[in-house]
Amino acid sequence: MFNNYEELSDMQIDVLREIGNIGAGNAATALATILDEKVDMSVPSVKITGFDEAVQALGGAETMTVAVLVNFSGDGNGMIMFLLNVEDAKSIMDILIGEDDSDELSEMKISGIKEIGNILGSSYVNAISALTGLNIHVSVPYIAIDMVGALMSVPIIEFGAIGDKLMFIEENFNGETNDLKSNMIMFAEINTLKIIMQKLGLEI
């Protein structure tokens with residue numbers, strides 16, 4: 001029996017890694033459609049890590065970052081946050097939208113990032129649903145541009161009471177002309193994790 005992320009067994013962590021792998025595969029397929037080109041994906045790095053370690057992996061508390069937050073609910077509850085360095089966000093949106101007019105993230109670029117974040121977040125939720133048969137819905141995506149430390153305060157406030165660990169996924173998507181390095185943070189409520197493990201036949 002586990003009551004927080006620190007108590008997950010190696011086998012249970014492997015299950016979360018597999019969800020991460022399937023979600024990343026779904027995301028690569030979705031990105032290929034958006035970019036209209038073949039997208040290859042590196043094997044994602046899926047770690048159970050602390051909030052502080054996640055902040056450091058994202059470049060430190062003061063790094064300006066774009067975050068797209070998607071909540072999920074239904075048979076499972078939690079949140080997924082897609083994080084992209086501001087400079088990377090500008091670059092990929094310049095390519096996608098075909099404008100390179102300023103250093104600013106225009107409204108059109110922000111809308112595009114929100115859609116990519118939504119697609120990536122939904123890819124992970126769909127992976128959970130496909131593996132477990134759970135009926136899970138995703139919220140409308142929320143977007144924020146801020147320092148990593150401020151952005152990471154959202155999951156800490158919401159989920160810090162049930163432990164200071166989360167699932168941190170680093171991925172590289174390589175297209176023919178575009179590359180995208182993304183970071184995803186997934187935090188499922190403990191009861192949701194237990195349901196996922198049970199559905200997949202693991203002891204909890």
# chains A, B, ... in the order shown; residues from 1 in each chain; ligands from 1
>>> select_by_dssp(residues="segment 95-174 of chain A", states="alpha helix (DSSP H)", output="ChimeraX atom specification")
/A:95-97,107-132,148-159
>>> write_last_selection(atoms="C-alpha atoms", output="compact mmCIF listing (two decimals), in the first residue's frame")
# COMPACT_ATOMS: atom_id res chain seq x y z
CA ILE A 95 8.31 28.40 -37.79
CA LEU A 96 4.72 27.24 -37.36
CA ILE A 97 3.07 30.59 -37.93
CA GLU A 107 -1.42 36.47 -29.20
CA MET A 108 -1.37 34.13 -32.19
CA LYS A 109 1.85 32.47 -30.99
CA ILE A 110 0.49 32.07 -27.46
CA SER A 111 -2.66 30.50 -28.88
CA GLY A 112 -0.52 28.06 -30.89
CA ILE A 113 1.55 27.08 -27.83
CA LYS A 114 -1.65 26.55 -25.86
CA GLU A 115 -2.91 24.18 -28.54
CA ILE A 116 0.37 22.20 -28.60
CA GLY A 117 0.30 21.97 -24.80
CA ASN A 118 -3.31 20.83 -24.92
CA ILE A 119 -2.53 18.15 -27.50
CA LEU A 120 0.49 16.89 -25.55
CA GLY A 121 -1.40 16.86 -22.24
CA SER A 122 -4.35 15.07 -23.83
CA SER A 123 -1.94 12.49 -25.29
CA TYR A 124 -0.97 11.40 -21.77
CA VAL A 125 -4.54 11.32 -20.50
CA ASN A 126 -5.52 9.25 -23.54
CA ALA A 127 -2.66 6.85 -22.76
CA ILE A 128 -4.05 6.33 -19.24
CA SER A 129 -7.57 5.82 -20.60
CA ALA A 130 -6.41 3.36 -23.27
CA LEU A 131 -4.40 1.27 -20.80
CA THR A 132 -6.97 1.21 -18.00
CA VAL A 148 9.71 28.48 -13.24
CA GLY A 149 9.57 28.98 -9.46
CA ALA A 150 6.22 30.77 -9.70
CA LEU A 151 4.79 28.26 -12.20
CA MET A 152 5.79 25.30 -10.03
CA SER A 153 3.97 26.81 -7.06
CA VAL A 154 0.68 25.73 -8.72
CA PRO A 155 1.16 21.95 -8.28
CA ILE A 156 2.79 22.52 -4.87
CA ILE A 157 -0.29 24.37 -3.61
CA GLU A 158 -2.67 21.86 -5.15
CA PHE A 159 -0.89 18.60 -4.39
>>> residues_around(residues="segment 36-50 of chain A", least_positions_apart="6", cutoff="9 Å", atoms="only C-alpha atoms", output="PyMOL selection string")
chain A and resi 5-6+13+16-18+20-21+24-25+28-29+163-179
>>> select_by_dssp(residues="segment 63-160 of chain A", states="strand (DSSP E or B)", output="number ranges by chain")
A: 64-74, 78-85, 136-138, 142-147
>>> write_last_selection(atoms="N, CA and C atoms", output="short mmCIF file (atom, residue, chain, number, x, y, z; two decimals), in the first residue's frame")
data_model
loop_
_atom_site.label_atom_id
_atom_site.label_comp_id
_atom_site.auth_asym_id
_atom_site.auth_seq_id
_atom_site.Cartn_x
_atom_site.Cartn_y
_atom_site.Cartn_z
N MET A 64 12.56 32.16 -17.36
CA MET A 64 11.25 32.49 -17.93
C MET A 64 10.77 31.33 -18.80
N THR A 65 9.56 30.90 -18.52
CA THR A 65 9.03 29.68 -19.12
C THR A 65 7.56 29.86 -19.47
N VAL A 66 7.14 29.16 -20.52
CA VAL A 66 5.72 29.11 -20.89
C VAL A 66 5.16 27.80 -20.35
N ALA A 67 4.05 27.87 -19.65
CA ALA A 67 3.42 26.66 -19.11
C ALA A 67 1.99 26.57 -19.60
N VAL A 68 1.61 25.36 -20.00
CA VAL A 68 0.21 25.08 -20.35
C VAL A 68 -0.27 24.02 -19.36
N LEU A 69 -1.30 24.35 -18.61
CA LEU A 69 -1.82 23.47 -17.57
C LEU A 69 -3.15 22.87 -18.02
N VAL A 70 -3.25 21.56 -17.90
CA VAL A 70 -4.49 20.85 -18.20
C VAL A 70 -4.86 20.02 -16.98
N ASN A 71 -6.05 20.23 -16.45
CA ASN A 71 -6.54 19.38 -15.36
C ASN A 71 -7.30 18.20 -15.96
N PHE A 72 -7.25 17.05 -15.28
CA PHE A 72 -8.09 15.94 -15.74
C PHE A 72 -8.94 15.42 -14.59
N SER A 73 -10.12 14.95 -14.96
CA SER A 73 -11.10 14.54 -13.94
C SER A 73 -11.97 13.42 -14.50
N GLY A 74 -12.84 12.89 -13.66
CA GLY A 74 -13.70 11.76 -14.05
C GLY A 74 -13.34 10.58 -13.18
N GLY A 78 -6.25 14.74 -11.59
CA GLY A 78 -4.89 15.23 -11.47
C GLY A 78 -4.66 16.38 -12.43
N MET A 79 -3.39 16.64 -12.70
CA MET A 79 -3.05 17.73 -13.62
C MET A 79 -1.80 17.36 -14.40
N ILE A 80 -1.71 17.95 -15.59
CA ILE A 80 -0.52 17.82 -16.42
C ILE A 80 -0.10 19.23 -16.83
N MET A 81 1.19 19.51 -16.68
CA MET A 81 1.69 20.82 -17.07
C MET A 81 2.79 20.63 -18.11
N PHE A 82 2.62 21.28 -19.25
CA PHE A 82 3.59 21.27 -20.34
C PHE A 82 4.42 22.54 -20.20
N LEU A 83 5.75 22.41 -20.16
CA LEU A 83 6.62 23.56 -19.93
C LEU A 83 7.63 23.70 -21.07
N LEU A 84 7.78 24.91 -21.54
CA LEU A 84 8.64 25.19 -22.68
C LEU A 84 9.39 26.49 -22.40
N ASN A 85 10.72 26.45 -22.54
CA ASN A 85 11.53 27.66 -22.41
C ASN A 85 11.00 28.74 -23.36
N ILE A 136 -11.79 9.47 -18.52
CA ILE A 136 -11.14 10.67 -17.97
C ILE A 136 -11.32 11.82 -18.95
N HIS A 137 -11.66 12.98 -18.42
CA HIS A 137 -11.87 14.18 -19.25
C HIS A 137 -10.78 15.20 -18.95
N VAL A 138 -10.41 15.98 -19.97
CA VAL A 138 -9.44 17.05 -19.74
C VAL A 138 -10.14 18.41 -19.77
N TYR A 142 -5.03 26.05 -19.67
CA TYR A 142 -4.68 27.38 -19.16
C TYR A 142 -3.22 27.63 -19.52
N ILE A 143 -2.90 28.86 -19.91
CA ILE A 143 -1.50 29.18 -20.26
C ILE A 143 -1.00 30.31 -19.39
N ALA A 144 0.27 30.21 -19.00
CA ALA A 144 0.90 31.27 -18.20
C ALA A 144 2.35 31.40 -18.63
N ILE A 145 2.86 32.62 -18.58
CA ILE A 145 4.27 32.88 -18.87
C ILE A 145 4.86 33.53 -17.62
N ASP A 146 5.80 32.83 -16.99
CA ASP A 146 6.32 33.32 -15.71
C ASP A 146 7.64 32.61 -15.44
N MET A 147 8.25 32.94 -14.29
CA MET A 147 9.45 32.23 -13.87
C MET A 147 9.07 30.83 -13.39
#
>>> residues_around(residues="Ile195 of chain A", least_positions_apart="3", cutoff="9 Å", atoms="only C-alpha atoms", output="MDAnalysis selection string")
chainID A and resid 75:76 132 134 190:192 198:200
>>> write_last_selection(atoms="N, CA, C and O atoms", output="CSV table (one decimal), in the first residue's frame")
chain,number,residue,atom,x,y,z
A,75,ASP,N,-13.0,9.4,-13.8
A,75,ASP,CA,-12.5,8.3,-13.1
A,75,ASP,C,-11.2,8.5,-12.5
A,75,ASP,O,-10.7,7.7,-11.6
A,76,GLY,N,-10.4,9.5,-13.0
A,76,GLY,CA,-9.1,9.8,-12.4
A,76,GLY,C,-9.0,11.3,-12.4
A,76,GLY,O,-9.5,12.0,-13.2
A,132,THR,N,-6.2,1.6,-19.2
A,132,THR,CA,-7.0,1.2,-18.0
A,132,THR,C,-8.5,1.1,-18.3
A,132,THR,O,-9.2,0.5,-17.5
A,134,LEU,N,-10.3,3.6,-18.0
A,134,LEU,CA,-11.0,4.7,-17.2
A,134,LEU,C,-11.5,5.8,-18.1
A,134,LEU,O,-10.9,6.1,-19.2
A,190,ILE,N,-3.4,10.4,-5.4
A,190,ILE,CA,-3.0,9.1,-4.9
A,190,ILE,C,-4.1,8.1,-5.2
A,190,ILE,O,-3.8,7.0,-5.7
A,191,ASN,N,-5.3,8.4,-5.0
A,191,ASN,CA,-6.4,7.4,-5.2
A,191,ASN,C,-6.5,7.1,-6.7
A,191,ASN,O,-6.8,5.9,-7.1
A,192,THR,N,-6.2,8.1,-7.6
A,192,THR,CA,-6.1,7.8,-9.0
A,192,THR,C,-5.0,6.8,-9.3
A,192,THR,O,-5.2,5.9,-10.1
A,198,GLN,N,-4.5,-0.9,-9.9
A,198,GLN,CA,-5.4,-2.0,-9.8
A,198,GLN,C,-5.9,-2.4,-11.1
A,198,GLN,O,-6.0,-3.6,-11.4
A,199,LYS,N,-6.2,-1.4,-12.0
A,199,LYS,CA,-6.7,-1.7,-13.3
A,199,LYS,C,-5.7,-2.5,-14.2
A,199,LYS,O,-6.0,-3.3,-15.0
A,200,LEU,N,-4.4,-2.3,-13.9
A,200,LEU,CA,-3.4,-2.9,-14.6
A,200,LEU,C,-2.9,-4.2,-13.9
A,200,LEU,O,-1.9,-4.8,-14.3
>>> closest_residue(among="A:Met11, A:Met197, A:Leu202, A:Met184", to="Val55 of chain A", atoms="only C-alpha atoms")
A:Met184
>>> atom_distance(atom1="atom CA of Leu193 of chain A", atom2="atom CA of Leu8 of chain A")
9.8 Å
>>> atom_distance(atom1="atom CA of Ala27 of chain A", atom2="atom CA of Asp52 of chain A")
26.3 Å
